[in-house]
Amino acid sequence: MNKNDTDIERGITDFKRLKDKCPWLQDFNKQAKGSRAILQPYWDAYIARVSAEEMTISIELSAFLAVLCQINKPAGILDLGSGFSSMVFRLYARDTKPQPTVWTVDDSPEWLIKTRSYLQENGLPIGETDVWEHFDEEKITSPSLIFYDLGRMELRIEALSRVLAMARKFNSIVVADDFHKEFYRAHAISSLAEKGCEHYSLRILTEDKFSRYAELIFP
């Protein structure tokens with residue numbers, strides 16, 4: 001069995017385990033279909049006008065994040081890596097009472113400006129934004145959901161330990177994208193084991209046509 005076959009098997013096994021931990025997944029397909037229908041026009045416009053499809057979080061992952069928010073109702077969301085995820089979370093916040101706080105952080109000041117402009121164009125509040133280099137988690141209130149899709153993969157590997165420490169501090173669920181990249185996945189799984197974090201492959205739920213998928217992490 002090659003490494004890809006092993007990872008596919010992990011995805012299937014983890015999905016079975018995750019359904020036991022999260023009973024709401026029994027109705028996931030129905031919920032995701034509704035969320036995807038709402039998000040699809042925004043996503044189509046985004047990849048046409050703002051960023052290439054392969055650089056944008058997938059519509060599959062976008063729908064998963066929307067459903068996760070609807071189920072868990074996070075009071076605070078930390079969006080690490082600005083882009084279409086920033087749209088997903090603000091659409092959720094706009095339609096939720098009480099309205100959760102969304103913090104968006106990016107390693108690129110230029111891209112953060114672009115994201116702010118995109119949110120404004122769509123009539124959504126910019127909310128709290130910051131550059132990763134200056135980001136201080138002491139200034140935020142407990143985010144119960146962290147989306148980790150920050151910058152270059154080298155930075156993502158470097159910053160993972162800090163993000164996991166924040167997740168433990170705030171008792172946050174983490175959704176980490178790009179676990180299809182073997183070198184990143186190997187490093188991340190080793191770090192998660194070292195820190196005793198429970199984690200599940202979301203390959204069955206979030207894989208897209210580029211074979212990208214995410215991981216769900218519990219501190």
# chains A, B, ... in the order shown; residues from 1 in each chain; ligands from 1
$ closest_atom_pairs --of "segment 96-165 of chain A" --to "segment 21-44 of chain A" --cutoff "12 Å" --atoms "only C-alpha atoms" --output "Markdown table"
| residue | atom | partner | partner_atom | distance |
| --- | --- | --- | --- | --- |
| A:Tyr118 | CA | A:Tyr42 | CA | 10.9 |
| A:Leu119 | CA | A:Tyr42 | CA | 11.1 |
| A:Glu121 | CA | A:Tyr42 | CA | 11.6 |
| A:Asn122 | CA | A:Tyr42 | CA | 9.1 |
$ select_by_dssp --residues "segment 85-187 of chain A" --states "strand (DSSP E or B)" --output "VMD selection string"
chain A and resid 101 to 106 128 to 131 145 to 148 173 to 176
$ closest_residue --among "A:Ile113, A:Ile8, A:Val88, A:Ala188" --to "Val131 of chain A" --atoms "only C-alpha atoms"
A:Ile113
$ closest_residue --among "A:Ser191, A:Ala165, A:Phe147, A:Ser117" --to "Pro219 of chain A" --atoms "only C-alpha atoms"
A:Ala165
$ atom_distance --atom1 "atom CA of Ser62 of chain A" --atom2 "atom CA of Asp79 of chain A"
12.5 Å
$ select_by_dssp --residues "segment 91-190 of chain A" --states "helix (DSSP H, G or I)" --output "MDAnalysis selection string"
chainID A and resid 91:94 109:121 132:134 137:139 153:170 182:190
$ atom_distance --atom1 "atom CA of Lys209 of chain A" --atom2 "atom CA of Ser190 of chain A"
26.7 Å
$ closest_residue --among "A:Met153, A:Leu124, A:Leu68, A:Ile47" --to "Arg90 of chain A" --atoms "only C-alpha atoms"
A:Leu124
$ atom_distance --atom1 "atom CA of Ser142 of chain A" --atom2 "atom CA of Glu60 of chain A"
26.7 Å
$ residues_around --residues "Ser172 of chain A" --least-positions-apart "5" --cutoff "6 Å" --atoms "only C-alpha atoms" --output "VMD selection string"
chain A and resid 144 to 145 167
$ write_last_selection --atoms "N, CA and C atoms" --output "tab-separated table (two decimals), in the first residue's frame"
chain	number	residue	atom	x	y	z
A	144	SER	N	-13.84	30.30	19.55
A	144	SER	CA	-14.08	28.86	19.72
A	144	SER	C	-13.85	28.09	18.42
A	145	LEU	N	-13.57	28.83	17.33
A	145	LEU	CA	-13.22	28.21	16.06
A	145	LEU	C	-12.03	28.95	15.45
A	167	ALA	N	-5.14	27.34	20.41
A	167	ALA	CA	-6.32	26.48	20.45
A	167	ALA	C	-6.51	25.88	21.84
